[in-house]
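Just start_23.cif here, mmCIF, C-alpha atoms:
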data_data
#
loop_
_atom_site.label_atom_id
_atom_site.label_comp_id
_atom_site.auth_asym_id
_atom_site.auth_seq_id
_atom_site.Cartn_x
_atom_site.Cartn_y
_atom_site.Cartn_z
CA MET A 1 24.16 -0.10 6.88
CA ARG A 2 22.99 1.96 3.91
CA VAL A 3 19.23 1.63 3.50
CA VAL A 4 17.60 2.69 0.23
CA VAL A 5 14.12 4.21 0.72
CA THR A 6 12.01 4.17 -2.45
CA ARG A 7 8.82 5.90 -1.36
CA ALA A 8 7.22 8.61 -3.48
CA PRO A 9 8.33 12.23 -3.15
CA GLY A 10 6.62 13.80 -0.15
CA GLN A 11 6.03 10.41 1.52
CA ALA A 12 9.55 9.21 2.30
CA GLU A 13 10.35 11.37 5.33
CA PRO A 14 8.54 9.45 8.12
CA LEU A 15 10.16 6.15 7.13
CA ALA A 16 13.55 7.70 6.41
CA SER A 17 13.61 9.47 9.78
CA ARG A 18 12.86 6.32 11.73
CA ILE A 19 15.49 4.31 9.87
CA ALA A 20 18.04 7.05 10.55
CA GLU A 21 17.12 6.88 14.26
CA LEU A 22 18.23 3.22 14.18
CA GLY A 23 21.69 4.45 13.23
CA HIS A 24 21.58 3.59 9.53
CA GLU A 25 22.47 5.78 6.57
CA VAL A 26 19.41 6.54 4.41
CA VAL A 27 19.66 6.77 0.63
CA LEU A 28 16.58 8.35 -0.97
CA CYS A 29 15.62 6.88 -4.33
CA PRO A 30 11.98 7.66 -5.17
CA LEU A 31 10.65 5.20 -7.74
CA ILE A 32 6.96 6.08 -7.83
CA ARG A 33 5.04 9.30 -8.38
CA ILE A 34 1.42 9.40 -7.21
CA ASP A 35 -0.96 11.23 -9.57
CA ARG A 36 -4.61 11.79 -8.72
CA THR A 37 -7.06 10.72 -11.37
CA GLY A 38 -9.42 13.57 -10.52
CA GLY A 39 -13.17 13.25 -10.34
CA GLY A 40 -15.94 14.73 -8.26
CA PRO A 41 -17.67 13.73 -5.02
CA VAL A 42 -18.23 10.05 -4.29
CA GLU A 43 -21.53 9.12 -2.63
CA LEU A 44 -20.75 6.34 -0.18
CA SER A 45 -24.12 5.98 1.55
CA VAL A 46 -25.44 3.74 -1.26
CA TYR A 47 -22.90 1.01 -0.43
CA ASP A 48 -23.05 -1.82 2.10
CA TRP A 49 -19.26 -2.11 2.06
CA VAL A 50 -16.47 0.19 0.89
CA ILE A 51 -13.11 -1.54 0.48
CA VAL A 52 -9.97 0.63 0.57
CA THR A 53 -6.64 -0.89 -0.42
CA SER A 54 -3.94 1.68 0.48
CA PRO A 55 -3.18 4.79 2.55
CA ASN A 56 -3.04 6.85 -0.66
CA GLY A 57 -6.50 5.60 -1.58
CA ALA A 58 -7.84 6.28 1.91
CA GLY A 59 -6.76 9.91 1.85
CA GLU A 60 -8.06 10.52 -1.66
CA LEU A 61 -11.40 8.77 -1.08
CA MET A 62 -12.21 10.52 2.18
CA GLY A 63 -11.38 13.87 0.60
CA ARG A 64 -14.10 13.21 -1.99
CA ALA A 65 -16.57 11.23 0.15
CA ARG A 66 -20.17 12.21 0.65
CA GLY A 67 -22.17 10.29 3.23
CA ARG A 68 -21.01 7.11 4.94
CA PRO A 69 -21.26 3.47 3.86
CA ALA A 70 -22.73 0.82 6.12
CA ARG A 71 -19.29 -0.72 6.70
CA VAL A 72 -15.67 -0.11 5.68
CA ALA A 73 -12.89 -2.65 5.10
CA ALA A 74 -9.22 -1.69 5.01
CA ILE A 75 -6.56 -3.89 3.45
CA GLY A 76 -3.56 -3.46 5.74
CA PRO A 77 -3.05 -1.62 9.04
CA GLY A 78 -1.50 1.36 7.25
CA THR A 79 -4.72 1.82 5.27
CA ALA A 80 -6.77 1.52 8.46
CA ALA A 81 -4.60 4.15 10.16
CA ALA A 82 -5.04 6.54 7.21
CA LEU A 83 -8.81 6.07 7.37
CA GLU A 84 -8.78 6.72 11.10
CA ARG A 85 -6.86 9.98 10.57
CA ALA A 86 -9.72 10.97 8.25
CA GLY A 87 -12.28 10.14 10.95
CA VAL A 88 -13.33 6.67 9.80
CA VAL A 89 -12.76 3.50 11.85
CA ALA A 90 -12.58 0.38 9.68
CA ASP A 91 -15.06 -2.37 10.53
CA LEU A 92 -12.81 -5.04 9.04
CA ILE A 93 -9.02 -5.28 8.73
CA PRO A 94 -8.18 -8.76 7.41
CA ALA A 95 -5.48 -10.72 9.19
CA VAL A 96 -3.82 -11.34 5.81
CA SER A 97 -3.31 -8.03 3.99
CA THR A 98 -4.33 -9.21 0.52
CA GLN A 99 -7.51 -9.22 -1.52
CA GLU A 100 -7.67 -12.98 -0.96
CA GLY A 101 -7.41 -12.43 2.79
CA LEU A 102 -10.24 -9.92 2.73
CA LEU A 103 -12.49 -12.16 0.65
CA ALA A 104 -12.03 -14.91 3.21
CA GLU A 105 -13.32 -12.66 6.01
CA LEU A 106 -16.16 -10.81 4.30
CA PRO A 107 -19.70 -12.16 4.83
CA PRO A 108 -20.93 -14.53 2.08
CA SER A 109 -23.37 -11.94 0.70
CA PRO A 110 -21.86 -8.51 1.40
CA GLY A 111 -24.41 -6.56 -0.66
CA ARG A 112 -23.36 -3.63 -2.80
CA VAL A 113 -19.60 -3.11 -2.64
CA LEU A 114 -17.29 -0.28 -3.74
CA PHE A 115 -13.65 -1.19 -4.39
CA ALA A 116 -11.53 1.97 -4.13
CA ALA A 117 -7.95 1.51 -5.32
CA ALA A 118 -5.24 2.61 -7.72
CA GLU A 119 -5.80 2.66 -11.44
CA GLY A 120 -4.69 -0.70 -12.79
CA ALA A 121 -5.05 -2.49 -9.43
CA ARG A 122 -5.84 -6.19 -9.29
CA THR A 123 -9.58 -6.72 -9.70
CA LEU A 124 -10.04 -9.99 -7.82
CA ILE A 125 -12.58 -8.45 -5.42
CA VAL A 126 -14.40 -6.71 -8.27
CA ASP A 127 -14.61 -9.96 -10.21
CA GLU A 128 -15.63 -12.11 -7.24
CA LEU A 129 -18.22 -9.75 -5.73
CA GLY A 130 -19.41 -7.78 -8.75
CA ALA A 131 -18.15 -4.67 -6.94
CA ASP A 132 -18.03 -1.17 -8.40
CA PHE A 133 -14.42 -0.13 -9.10
CA LEU A 134 -13.35 3.43 -8.31
CA PRO A 135 -9.79 4.27 -9.51
CA LEU A 136 -8.59 7.05 -7.22
CA TYR A 137 -5.01 7.60 -8.39
CA ARG A 138 -2.36 6.23 -10.69
CA THR A 139 1.26 5.39 -10.01
CA THR A 140 3.95 6.49 -12.47
CA GLU A 141 7.27 4.66 -12.37
CA LEU A 142 10.41 6.80 -12.26
CA ARG A 143 13.79 5.81 -13.66
CA PRO A 144 16.60 7.19 -11.45
CA ALA A 145 20.19 5.95 -11.64
CA PRO A 146 20.69 2.70 -9.68
CA PRO A 147 21.47 3.65 -6.06
CA ALA A 148 24.32 2.31 -3.91
CA GLY A 149 23.10 0.60 -0.76
CA ASP A 150 23.12 -2.53 1.34
CA VAL A 151 19.37 -3.11 1.43
CA VAL A 152 16.32 -1.52 -0.21
CA VAL A 153 12.93 -1.01 1.44
CA LEU A 154 9.98 -1.81 -0.83
CA ALA A 155 6.56 -0.61 0.31
CA SER A 156 4.47 -1.63 -2.71
CA ALA A 157 4.38 -4.03 -5.62
CA SER A 158 4.76 -1.13 -8.06
CA ALA A 159 7.93 0.00 -6.25
CA ALA A 160 9.27 -3.55 -6.46
CA ARG A 161 8.71 -3.68 -10.20
CA ALA A 162 10.30 -0.27 -10.70
CA PHE A 163 13.32 -1.16 -8.57
CA GLY A 164 13.79 -4.43 -10.41
CA ALA A 165 13.97 -2.50 -13.68
CA LEU A 166 16.99 -0.57 -12.36
CA GLY A 167 19.07 -3.73 -12.05
CA ALA A 168 20.73 -2.52 -8.85
CA GLY A 169 21.24 -6.01 -7.41
CA ILE A 170 20.42 -4.93 -3.84
CA PRO A 171 18.48 -7.28 -1.52
CA ALA A 172 15.16 -6.05 -0.21
CA VAL A 173 12.93 -5.70 2.82
CA SER A 174 9.29 -6.01 1.72
CA ILE A 175 6.16 -4.62 3.34
CA GLY A 176 4.05 -7.72 2.64
CA PRO A 177 3.35 -10.82 0.55
CA GLN A 178 2.14 -9.08 -2.62
CA THR A 179 5.22 -6.85 -2.64
CA THR A 180 7.43 -9.88 -1.96
CA ALA A 181 5.89 -11.73 -4.90
CA ALA A 182 6.35 -8.74 -7.21
CA ALA A 183 9.97 -8.33 -6.05
CA SER A 184 10.73 -11.99 -6.68
CA GLU A 185 9.21 -11.78 -10.15
CA ALA A 186 11.42 -8.72 -10.81
CA GLY A 187 14.55 -10.64 -9.85
CA ILE A 188 15.01 -9.02 -6.41
CA ARG A 189 16.14 -11.17 -3.48
CA VAL A 190 13.86 -10.49 -0.49
CA ILE A 191 15.74 -11.06 2.77
CA ALA A 192 12.99 -9.91 5.16
CA GLU A 193 9.25 -9.28 5.10
CA ALA A 194 7.47 -7.01 7.57
CA ARG A 195 5.39 -8.89 10.13
CA ARG A 196 3.01 -5.92 10.19
CA HIS A 197 2.26 -4.58 6.75
CA ASP A 198 2.80 -0.92 7.55
CA LEU A 199 5.51 1.62 8.40
CA ASP A 200 6.01 0.17 11.88
CA GLY A 201 6.48 -3.27 10.38
CA LEU A 202 9.10 -2.02 7.91
CA VAL A 203 11.05 -0.26 10.65
CA GLU A 204 10.91 -3.37 12.86
CA ALA A 205 12.17 -5.53 9.97
CA ILE A 206 15.11 -3.17 9.40
CA ALA A 207 15.85 -3.23 13.12
CA ARG A 208 15.96 -7.04 13.04
CA LEU A 209 18.46 -6.94 10.17
CA GLY A 210 20.59 -4.42 12.02
CA GLY A 211 20.60 -6.61 15.09
#

Represent the supplied structure as structure tokens.
Amino acid sequence: MRVVVTRAPGQAEPLASRIAELGHEVVLCPLIRIDRTGGGPVELSVYDWVIVTSPNGAGELMGRARGRPARVAAIGPGTAAALERAGVVADLIPAVSTQEGLLAELPPSPGRVLFAAAEGARTLIVDELGADFLPLYRTTELRPAPPAGDVVVLASASAARAFGALGAGIPAVSIGPQTTAAASEAGIRVIAEARRHDLDGLVEAIARLGG
């Protein structure tokens, strides 16, 4: 089976290697470039909660962080793992890896909240909690030629939208519900969704297809 991996340049290798170990042919087709938005140090000690939405955001935030917040929430196990690599253990990882899932598990009055995410991210948490919004990076869609493959792996909603624009007509494995929704809106048929919303979940979903 030919598996198209769409992760950003410099981030595809871990996923591609594990898919190749399953015996599949990997086709690299980066669709997203990650660009830092810049900015200076971020003082976290003034916050009761800091909410981080992605591994990219976790790495960028902790590289700029000063002090520690009272508590940290990570949307998705991949984000929590990235925080842990930076020396921070998340206090809350919602069972459902969406902003709605996190809102359902936060205390009713969480205090002062920082929402650290990509530029242009959904602002549900900001709107609901009156949180401060810190854009850490932006994603730029790339436009490669449509790849040839049997299935494409989509690890973000932005990748789903970018892949849909190519019109490749390849079914997809999605990392989670938000990516699945974005893929469906872009006209992509999702044939599997990762049970865990991280790299391990994607690999396991590909393994199930191969079996």

query: Nearest to Pro135 of chain A among A:Ala117, A:Ala95, A:Val88, A:Ile206, with distances taken over only C-alpha atoms: which residue is it?
result: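 Of all the options, A:Ala117 lies closest to Pro135 of chain A.
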
message: Applying the PyMOL selection byres ((chain A and resi 24-33) around 7) to the file I just gave you, which residues come out? Please list them as an NGL selection string.
response: :A and (1-9 or 16 or 19-20 or 22-23 or 34-35 or 139-143 or 147 or 159 or 162-163)

List as a PDB file with C-alpha atoms, in the coordinates of the input: which residues have an atom within 6 Å of (-20.4, 12.4, 0.7), counting all atoms listed in the file?
ATOM      1  CA  VAL A  42     -18.230  10.050  -4.290  1.00  0.00           C
ATOM      2  CA  GLU A  43     -21.530   9.120  -2.630  1.00  0.00           C
ATOM      3  CA  ALA A  65     -16.570  11.230   0.150  1.00  0.00           C
ATOM      4  CA  ARG A  66     -20.170  12.210   0.650  1.00  0.00           C
ATOM      5  CA  GLY A  67     -22.170  10.290   3.230  1.00  0.00           C
TER       6      GLY A  67
END

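Using only C-alpha atoms, the residues found no farther than 7 Å from Arg112 of chain A, other than those of its own chain fewer than 3 positions away, are A:Tyr47, A:Asp48, A:Trp49, A:Ala131.
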
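Residue selection for this entry, given the PyMOL selection byres ((chain A and resi 77) around 8), comprises A:Ala74, A:Ile75, A:Gly76, A:Gly78, A:Thr79, A:Ala80, A:Ala81, A:Ile93, A:Arg196, A:His197, A:Asp198.
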
task: Could you list the residues chosen by the PyMOL selection byres ((chain A and resi 187) around 10) in this structure as a PyMOL selection string?
output: chain A and resi 160-161+163-165+167+169+171+182-186+188-190

Can you spit out the residues from that selection as a short mmCIF file (atom, residue, chain, number, x, y, z; two decimals), in the frame of the given file, using C-alpha atoms?
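The resulting file, selection28.cif, is shown below:
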data_model
loop_
_atom_site.label_atom_id
_atom_site.label_comp_id
_atom_site.auth_asym_id
_atom_site.auth_seq_id
_atom_site.Cartn_x
_atom_site.Cartn_y
_atom_site.Cartn_z
CA ALA A 160 9.27 -3.55 -6.46
CA ARG A 161 8.71 -3.68 -10.20
CA PHE A 163 13.32 -1.16 -8.57
CA GLY A 164 13.79 -4.43 -10.41
CA ALA A 165 13.97 -2.50 -13.68
CA GLY A 167 19.07 -3.73 -12.05
CA GLY A 169 21.24 -6.01 -7.41
CA PRO A 171 18.48 -7.28 -1.52
CA ALA A 182 6.35 -8.74 -7.21
CA ALA A 183 9.97 -8.33 -6.05
CA SER A 184 10.73 -11.99 -6.68
CA GLU A 185 9.21 -11.78 -10.15
CA ALA A 186 11.42 -8.72 -10.81
CA ILE A 188 15.01 -9.02 -6.41
CA ARG A 189 16.14 -11.17 -3.48
CA VAL A 190 13.86 -10.49 -0.49
#

- prompt: Between A:Val173, A:Ile51, A:Val153, A:Ala58, which is the closest to Thr123 of chain A once you count all atoms listed in the file?
  reply: A:Ile51

Best match for closeness to Arg68 of chain A among A:Arg85, A:Val50, A:Asn56, A:Ala172, counting only C-alpha atoms: A:Val50

- prompt: Of the candidates A:Ala116, A:Ile170, A:Leu134, A:Ala121, which shows the shortest atom-to-atom distance to Ser156 of chain A, using all atoms listed in the file?
  reply: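 Checking each candidate against Ser156 of chain A, we get A:Ala121 as the closest.
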
- prompt: Distance atom CA of Ala194 of chain A-atom CA of Ser174 of chain A, one decimal place?
  reply: 6.2 Å

statement: Min atom-atom distance to Gly111 of chain A from the set A:Met62, A:Ala86, A:Leu166, A:Val46, counting all atoms listed in the file, belongs to A:Val46

message: What's the separation between atom CA of Leu103 of chain A and atom CA of Phe115 of chain A, in Å to one decimal place?
response: 12.1 Å

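Atom CA of Asp200 of chain A is positioned 14.7 Å from atom CA of Ser97 of chain A.
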
task: Rank A:Ser54, A:Ser17, A:Gln99, A:Thr179 by their smallest atom-to-atom distance to Ser158 of chain A, using all atoms listed in the file, and report the top residue only.
output: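 Closest to Ser158 of chain A, using all atoms listed in the file: A:Thr179.
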